[in-house]
Amino acid sequence: MRILIVEDEPTLGQQLKSTLEGAGYAVDLSTDGEDGHFMGSTENYDAVILDLGLPEIDGLTVLDRWRKEGRKFPVLVLTARDSWSDKVAGLDAGADDYLAKPFQTEELIARLRALIRRSSGNASSELNAGDVRLDTRSGRVTLAGEPVKLTAQEYKLLSYLMHHKGKVVSRTELIEHIYDQDFDRDSNTIEVFVTRIRKKLGQDVISTIRGLGYSLEEPRG
């Protein structure tokens, strides 16, 4: 899952980036509203963490512009403001959740997970497909109850497909959502990761849809 952080406080921005990367996310960081708006308008993100008090363009204006442009990714608003009017303004502008500073990073990550689950139509923190289970809270993957060890990139790819179970996902979409902006992207690595996941979880867990991409389906029978 790929996340955009728009936060002008350098220390906090870097701390959030490092924390989310440690939790298995691909993360891009922007430090002002103008650049943040551009990134959110031109790149595909699974969620955005947006500070309201930004230089150049304030966070509410950035959010309002994204929504008018048809950008539908979930947005978690961060702000030092804690009045009810600022909270209402953020939600009315199109925010999906709200967290006032200071906050615990564990709560932020939990809220982020929930936003991503809901936006992809998943109510539970545990995703499943047949005997495969993925716990988004712990990052634990099991096959028929037995733990399976995946690399970070294998986990990101499997997690994205499980969040979008039943849909055909192109290689391009996978690349856009499991790598951050600065990563040297190579579509051939997707095939390598899919092959590795099949070896660990079974050949039928991910289907190749020729000319279109990949799909993770609920097993038949």
# chains A, B, ... in the order shown; residues from 1 in each chain; ligands from 1

call {"tool": "select_by_dssp", "arguments": {"residues": "segment 55-194 of chain A", "states": "helix (DSSP H, G or I)", "output": "PyMOL selection string"}}
result
chain A and resi 59-68+84-92+105-119+152-163+171-178+187-194

call {"tool": "residues_around", "arguments": {"residues": "segment 56-64 of chain A", "least_positions_apart": "6", "cutoff": "8 Å", "atoms": "only C-alpha atoms", "output": "PyMOL selection string"}}
result
chain A and resi 32-34+36-37+50+89-90+93-95

call {"tool": "closest_residue", "arguments": {"among": "A:Tyr160, A:Phe73, A:Glu154, A:Asp86", "to": "Thr195 of chain A", "atoms": "only C-alpha atoms"}}
result
A:Glu154

call {"tool": "residues_around", "arguments": {"residues": "Ser124 of chain A", "least_positions_apart": "4", "cutoff": "12 Å", "atoms": "only C-alpha atoms", "output": "PyMOL selection string"}}
result
chain A and resi 113-118+120+128+133-137+163

call {"tool": "residues_around", "arguments": {"residues": "segment 20-26 of chain A", "least_positions_apart": "4", "cutoff": "7 Å", "atoms": "only C-alpha atoms", "output": "PDB file with C-alpha atoms, in the first residue's frame"}}
result
ATOM      1  CA  MET A   1       0.000   0.000   0.000  1.00  0.00           C
ATOM      2  CA  ARG A   2       1.294   3.413  -0.980  1.00  0.00           C
ATOM      3  CA  ILE A   3       0.851   6.416   1.306  1.00  0.00           C
ATOM      4  CA  LEU A  16       5.987   9.288  10.195  1.00  0.00           C
ATOM      5  CA  ALA A 152       8.582  -7.120   2.593  1.00  0.00           C
ATOM      6  CA  LYS A 156       3.071  -5.698  -0.028  1.00  0.00           C
ATOM      7  CA  ILE A 178       3.832  -1.134  -3.739  1.00  0.00           C
ATOM      8  CA  TYR A 179       6.753   1.182  -4.566  1.00  0.00           C
ATOM      9  CA  ASP A 180       7.338   4.759  -3.474  1.00  0.00           C
TER      10      ASP A 180
END

call {"tool": "residues_around", "arguments": {"residues": "Val132 of chain A", "least_positions_apart": "3", "cutoff": "9 Å", "atoms": "only C-alpha atoms", "output": "list in words"}}
result
Leu127, Asn128, Ala129, Val141, Thr142, Leu143, Ala144, Gly145, Leu201 and Val205 of chain A

call {"tool": "write_last_selection", "arguments": {"atoms": "all heavy atoms", "output": "JSON list (two decimals), in the first residue's frame"}}
result
[["chain", "number", "residue", "atom", "x", "y", "z"],
["A", 127, "LEU", "N", -7.84, -10.39, 6.42],
["A", 127, "LEU", "CA", -8.25, -10.67, 5.05],
["A", 127, "LEU", "C", -8.01, -12.15, 4.77],
["A", 127, "LEU", "O", -7.06, -12.73, 5.26],
["A", 127, "LEU", "CB", -7.45, -9.81, 4.07],
["A", 127, "LEU", "CG", -7.41, -8.31, 4.36],
["A", 127, "LEU", "CD1", -6.54, -7.60, 3.33],
["A", 127, "LEU", "CD2", -8.81, -7.72, 4.39],
["A", 128, "ASN", "N", -8.89, -12.75, 3.97],
["A", 128, "ASN", "CA", -8.71, -14.17, 3.70],
["A", 128, "ASN", "C", -9.11, -14.52, 2.28],
["A", 128, "ASN", "O", -9.94, -13.85, 1.66],
["A", 128, "ASN", "CB", -9.50, -15.02, 4.70],
["A", 128, "ASN", "CG", -10.99, -14.78, 4.58],
["A", 128, "ASN", "OD1", -11.67, -15.36, 3.74],
["A", 128, "ASN", "ND2", -11.52, -13.91, 5.43],
["A", 129, "ALA", "N", -8.50, -15.60, 1.78],
["A", 129, "ALA", "CA", -8.84, -16.18, 0.49],
["A", 129, "ALA", "C", -8.57, -17.67, 0.62],
["A", 129, "ALA", "O", -7.41, -18.09, 0.61],
["A", 129, "ALA", "CB", -8.02, -15.57, -0.63],
["A", 141, "VAL", "N", 0.97, -13.66, 8.00],
["A", 141, "VAL", "CA", 0.32, -14.42, 6.94],
["A", 141, "VAL", "C", 0.36, -15.90, 7.31],
["A", 141, "VAL", "O", 1.40, -16.41, 7.74],
["A", 141, "VAL", "CB", 1.03, -14.21, 5.58],
["A", 141, "VAL", "CG1", 0.40, -15.08, 4.50],
["A", 141, "VAL", "CG2", 0.97, -12.74, 5.18],
["A", 142, "THR", "N", -0.78, -16.57, 7.16],
["A", 142, "THR", "CA", -0.82, -18.00, 7.47],
["A", 142, "THR", "C", -1.47, -18.75, 6.31],
["A", 142, "THR", "O", -2.28, -18.21, 5.56],
["A", 142, "THR", "CB", -1.61, -18.28, 8.75],
["A", 142, "THR", "OG1", -2.97, -17.81, 8.59],
["A", 142, "THR", "CG2", -0.98, -17.61, 9.96],
["A", 143, "LEU", "N", -1.10, -20.01, 6.18],
["A", 143, "LEU", "CA", -1.70, -20.93, 5.21],
["A", 143, "LEU", "C", -2.20, -22.13, 5.97],
["A", 143, "LEU", "O", -1.42, -22.85, 6.59],
["A", 143, "LEU", "CB", -0.66, -21.36, 4.16],
["A", 143, "LEU", "CG", -1.13, -22.38, 3.13],
["A", 143, "LEU", "CD1", -2.26, -21.81, 2.28],
["A", 143, "LEU", "CD2", 0.03, -22.83, 2.26],
["A", 144, "ALA", "N", -3.53, -22.32, 5.98],
["A", 144, "ALA", "CA", -4.16, -23.40, 6.74],
["A", 144, "ALA", "C", -3.72, -23.35, 8.20],
["A", 144, "ALA", "O", -3.46, -24.38, 8.83],
["A", 144, "ALA", "CB", -3.84, -24.75, 6.12],
["A", 145, "GLY", "N", -3.58, -22.15, 8.74],
["A", 145, "GLY", "CA", -3.23, -21.97, 10.14],
["A", 145, "GLY", "C", -1.75, -21.95, 10.44],
["A", 145, "GLY", "O", -1.33, -21.60, 11.55],
["A", 201, "LEU", "N", 2.54, -20.20, -1.08],
["A", 201, "LEU", "CA", 1.12, -20.29, -0.72],
["A", 201, "LEU", "C", 0.31, -21.20, -1.64],
["A", 201, "LEU", "O", -0.87, -21.43, -1.38],
["A", 201, "LEU", "CB", 0.51, -18.89, -0.71],
["A", 201, "LEU", "CG", 1.09, -17.89, 0.29],
["A", 201, "LEU", "CD1", 0.43, -16.53, 0.13],
["A", 201, "LEU", "CD2", 0.94, -18.39, 1.72],
["A", 205, "VAL", "N", -3.12, -19.60, -5.86],
["A", 205, "VAL", "CA", -3.53, -18.47, -5.02],
["A", 205, "VAL", "C", -3.66, -17.18, -5.83],
["A", 205, "VAL", "O", -4.54, -16.35, -5.57],
["A", 205, "VAL", "CB", -2.55, -18.27, -3.83],
["A", 205, "VAL", "CG1", -1.17, -17.84, -4.31],
["A", 205, "VAL", "CG2", -3.11, -17.27, -2.84]]

call {"tool": "atom_distance", "arguments": {"atom1": "atom CA of Leu29 of chain A", "atom2": "atom CA of Leu54 of chain A"}}
result
13.2 Å

call {"tool": "residues_around", "arguments": {"residues": "Arg111 of chain A", "least_positions_apart": "2", "cutoff": "12 Å", "atoms": "only C-alpha atoms", "output": "ChimeraX atom specification"}}
result
/A:47-49,74-78,96-99,103-109,113-118,125,136-137

call {"tool": "select_by_dssp", "arguments": {"residues": "segment 25-221 of chain A", "states": "strand (DSSP E)", "output": "ChimeraX atom specification"}}
result
/A:26-30,47-51,75-79,97-100,126-129,132-135,140-143,146-148,168-169,207-209,213-215

call {"tool": "atom_distance", "arguments": {"atom1": "atom CA of Leu212 of chain A", "atom2": "atom CA of Thr42 of chain A"}}
result
22.4 Å

call {"tool": "closest_residue", "arguments": {"among": "A:Ile197, A:Val6, A:Ile190, A:Ile175", "to": "Asn44 of chain A", "atoms": "only C-alpha atoms"}}
result
A:Ile175

call {"tool": "atom_distance", "arguments": {"atom1": "atom CA of Pro55 of chain A", "atom2": "atom CA of Asp35 of chain A"}}
result
10.0 Å

call {"tool": "residues_around", "arguments": {"residues": "Thr208 of chain A", "least_positions_apart": "2", "cutoff": "10 Å", "atoms": "only C-alpha atoms", "output": "MDAnalysis selection string"}}
result
chainID A and resid 168:170 191 194 204 206 210:216

call {"tool": "decode", "arguments": {"residues": "segment 120-162 of chain A", "atoms": "N, CA and C atoms", "output": "compact mmCIF listing (two decimals), in the first residue's frame"}}
result
# COMPACT_ATOMS: atom_id res chain seq x y z
N SER A 120 -11.52 -0.19 0.30
CA SER A 120 -11.49 -1.34 -0.61
C SER A 120 -12.61 -2.34 -0.30
N GLY A 121 -13.53 -1.95 0.62
CA GLY A 121 -14.70 -2.77 0.89
C GLY A 121 -14.47 -3.90 1.87
N ASN A 122 -13.44 -3.79 2.72
CA ASN A 122 -13.15 -4.82 3.72
C ASN A 122 -13.42 -4.29 5.12
N ALA A 123 -14.30 -4.96 5.83
CA ALA A 123 -14.66 -4.50 7.17
C ALA A 123 -13.72 -5.03 8.25
N SER A 124 -13.18 -6.24 8.04
CA SER A 124 -12.36 -6.89 9.06
C SER A 124 -10.88 -6.57 8.87
N SER A 125 -10.13 -6.62 9.96
CA SER A 125 -8.68 -6.42 9.88
C SER A 125 -7.98 -7.67 9.37
N GLU A 126 -8.70 -8.79 9.32
CA GLU A 126 -8.13 -10.03 8.79
C GLU A 126 -8.70 -10.31 7.41
N LEU A 127 -7.84 -10.39 6.42
CA LEU A 127 -8.25 -10.67 5.05
C LEU A 127 -8.01 -12.15 4.77
N ASN A 128 -8.89 -12.75 3.97
CA ASN A 128 -8.71 -14.17 3.70
C ASN A 128 -9.11 -14.52 2.28
N ALA A 129 -8.50 -15.60 1.78
CA ALA A 129 -8.84 -16.18 0.49
C ALA A 129 -8.57 -17.67 0.62
N GLY A 130 -9.61 -18.46 0.80
CA GLY A 130 -9.42 -19.88 1.03
C GLY A 130 -8.68 -20.11 2.33
N ASP A 131 -7.57 -20.84 2.28
CA ASP A 131 -6.78 -21.14 3.48
C ASP A 131 -5.75 -20.06 3.79
N VAL A 132 -5.68 -19.04 2.96
CA VAL A 132 -4.71 -17.97 3.19
C VAL A 132 -5.34 -16.87 4.04
N ARG A 133 -4.64 -16.48 5.09
CA ARG A 133 -5.09 -15.41 5.97
C ARG A 133 -4.00 -14.36 6.09
N LEU A 134 -4.40 -13.09 6.03
CA LEU A 134 -3.46 -11.99 6.22
C LEU A 134 -4.03 -11.06 7.26
N ASP A 135 -3.32 -10.91 8.38
CA ASP A 135 -3.75 -10.03 9.46
C ASP A 135 -3.09 -8.67 9.26
N THR A 136 -3.88 -7.65 8.92
CA THR A 136 -3.32 -6.33 8.64
C THR A 136 -2.77 -5.65 9.89
N ARG A 137 -3.18 -6.09 11.07
CA ARG A 137 -2.67 -5.49 12.31
C ARG A 137 -1.26 -5.96 12.61
N SER A 138 -1.02 -7.26 12.48
CA SER A 138 0.27 -7.83 12.84
C SER A 138 1.19 -8.06 11.64
N GLY A 139 0.61 -8.04 10.42
CA GLY A 139 1.40 -8.36 9.24
C GLY A 139 1.67 -9.85 9.11
N ARG A 140 0.91 -10.66 9.84
CA ARG A 140 1.12 -12.10 9.85
C ARG A 140 0.32 -12.77 8.74
N VAL A 141 0.97 -13.66 8.00
CA VAL A 141 0.32 -14.42 6.94
C VAL A 141 0.36 -15.90 7.31
N THR A 142 -0.78 -16.57 7.16
CA THR A 142 -0.82 -18.00 7.47
C THR A 142 -1.47 -18.75 6.31
N LEU A 143 -1.10 -20.01 6.18
CA LEU A 143 -1.70 -20.93 5.21
C LEU A 143 -2.20 -22.13 5.97
N ALA A 144 -3.53 -22.32 5.98
CA ALA A 144 -4.16 -23.40 6.74
C ALA A 144 -3.72 -23.35 8.20
N GLY A 145 -3.58 -22.15 8.74
CA GLY A 145 -3.23 -21.97 10.14
C GLY A 145 -1.75 -21.95 10.44
N GLU A 146 -0.92 -22.29 9.45
CA GLU A 146 0.53 -22.31 9.66
C GLU A 146 1.15 -21.01 9.16
N PRO A 147 2.04 -20.40 9.95
CA PRO A 147 2.64 -19.12 9.54
C PRO A 147 3.53 -19.29 8.30
N VAL A 148 3.47 -18.29 7.43
CA VAL A 148 4.28 -18.27 6.21
C VAL A 148 5.11 -16.99 6.22
N LYS A 149 6.40 -17.13 6.01
CA LYS A 149 7.28 -15.98 6.02
C LYS A 149 7.42 -15.41 4.62
N LEU A 150 7.06 -14.15 4.47
CA LEU A 150 7.18 -13.43 3.20
C LEU A 150 8.18 -12.30 3.35
N THR A 151 8.84 -11.95 2.25
CA THR A 151 9.68 -10.75 2.26
C THR A 151 8.78 -9.52 2.28
N ALA A 152 9.37 -8.36 2.53
CA ALA A 152 8.58 -7.12 2.59
C ALA A 152 7.83 -6.86 1.29
N GLN A 153 8.49 -7.04 0.15
CA GLN A 153 7.84 -6.78 -1.13
C GLN A 153 6.79 -7.84 -1.46
N GLU A 154 7.06 -9.09 -1.10
CA GLU A 154 6.06 -10.14 -1.30
C GLU A 154 4.81 -9.83 -0.50
N TYR A 155 5.01 -9.40 0.74
CA TYR A 155 3.87 -9.06 1.60
C TYR A 155 3.07 -7.89 1.01
N LYS A 156 3.76 -6.85 0.54
CA LYS A 156 3.07 -5.70 -0.03
C LYS A 156 2.21 -6.11 -1.22
N LEU A 157 2.78 -6.95 -2.08
CA LEU A 157 2.04 -7.38 -3.27
C LEU A 157 0.83 -8.22 -2.88
N LEU A 158 1.04 -9.19 -1.99
CA LEU A 158 -0.07 -10.04 -1.54
C LEU A 158 -1.15 -9.21 -0.85
N SER A 159 -0.73 -8.27 -0.01
CA SER A 159 -1.69 -7.44 0.71
C SER A 159 -2.54 -6.62 -0.25
N TYR A 160 -1.91 -6.05 -1.28
CA TYR A 160 -2.68 -5.25 -2.24
C TYR A 160 -3.70 -6.12 -2.97
N LEU A 161 -3.28 -7.31 -3.41
CA LEU A 161 -4.20 -8.19 -4.12
C LEU A 161 -5.33 -8.66 -3.20
N MET A 162 -5.03 -8.92 -1.92
CA MET A 162 -6.07 -9.38 -0.99
C MET A 162 -7.04 -8.25 -0.65
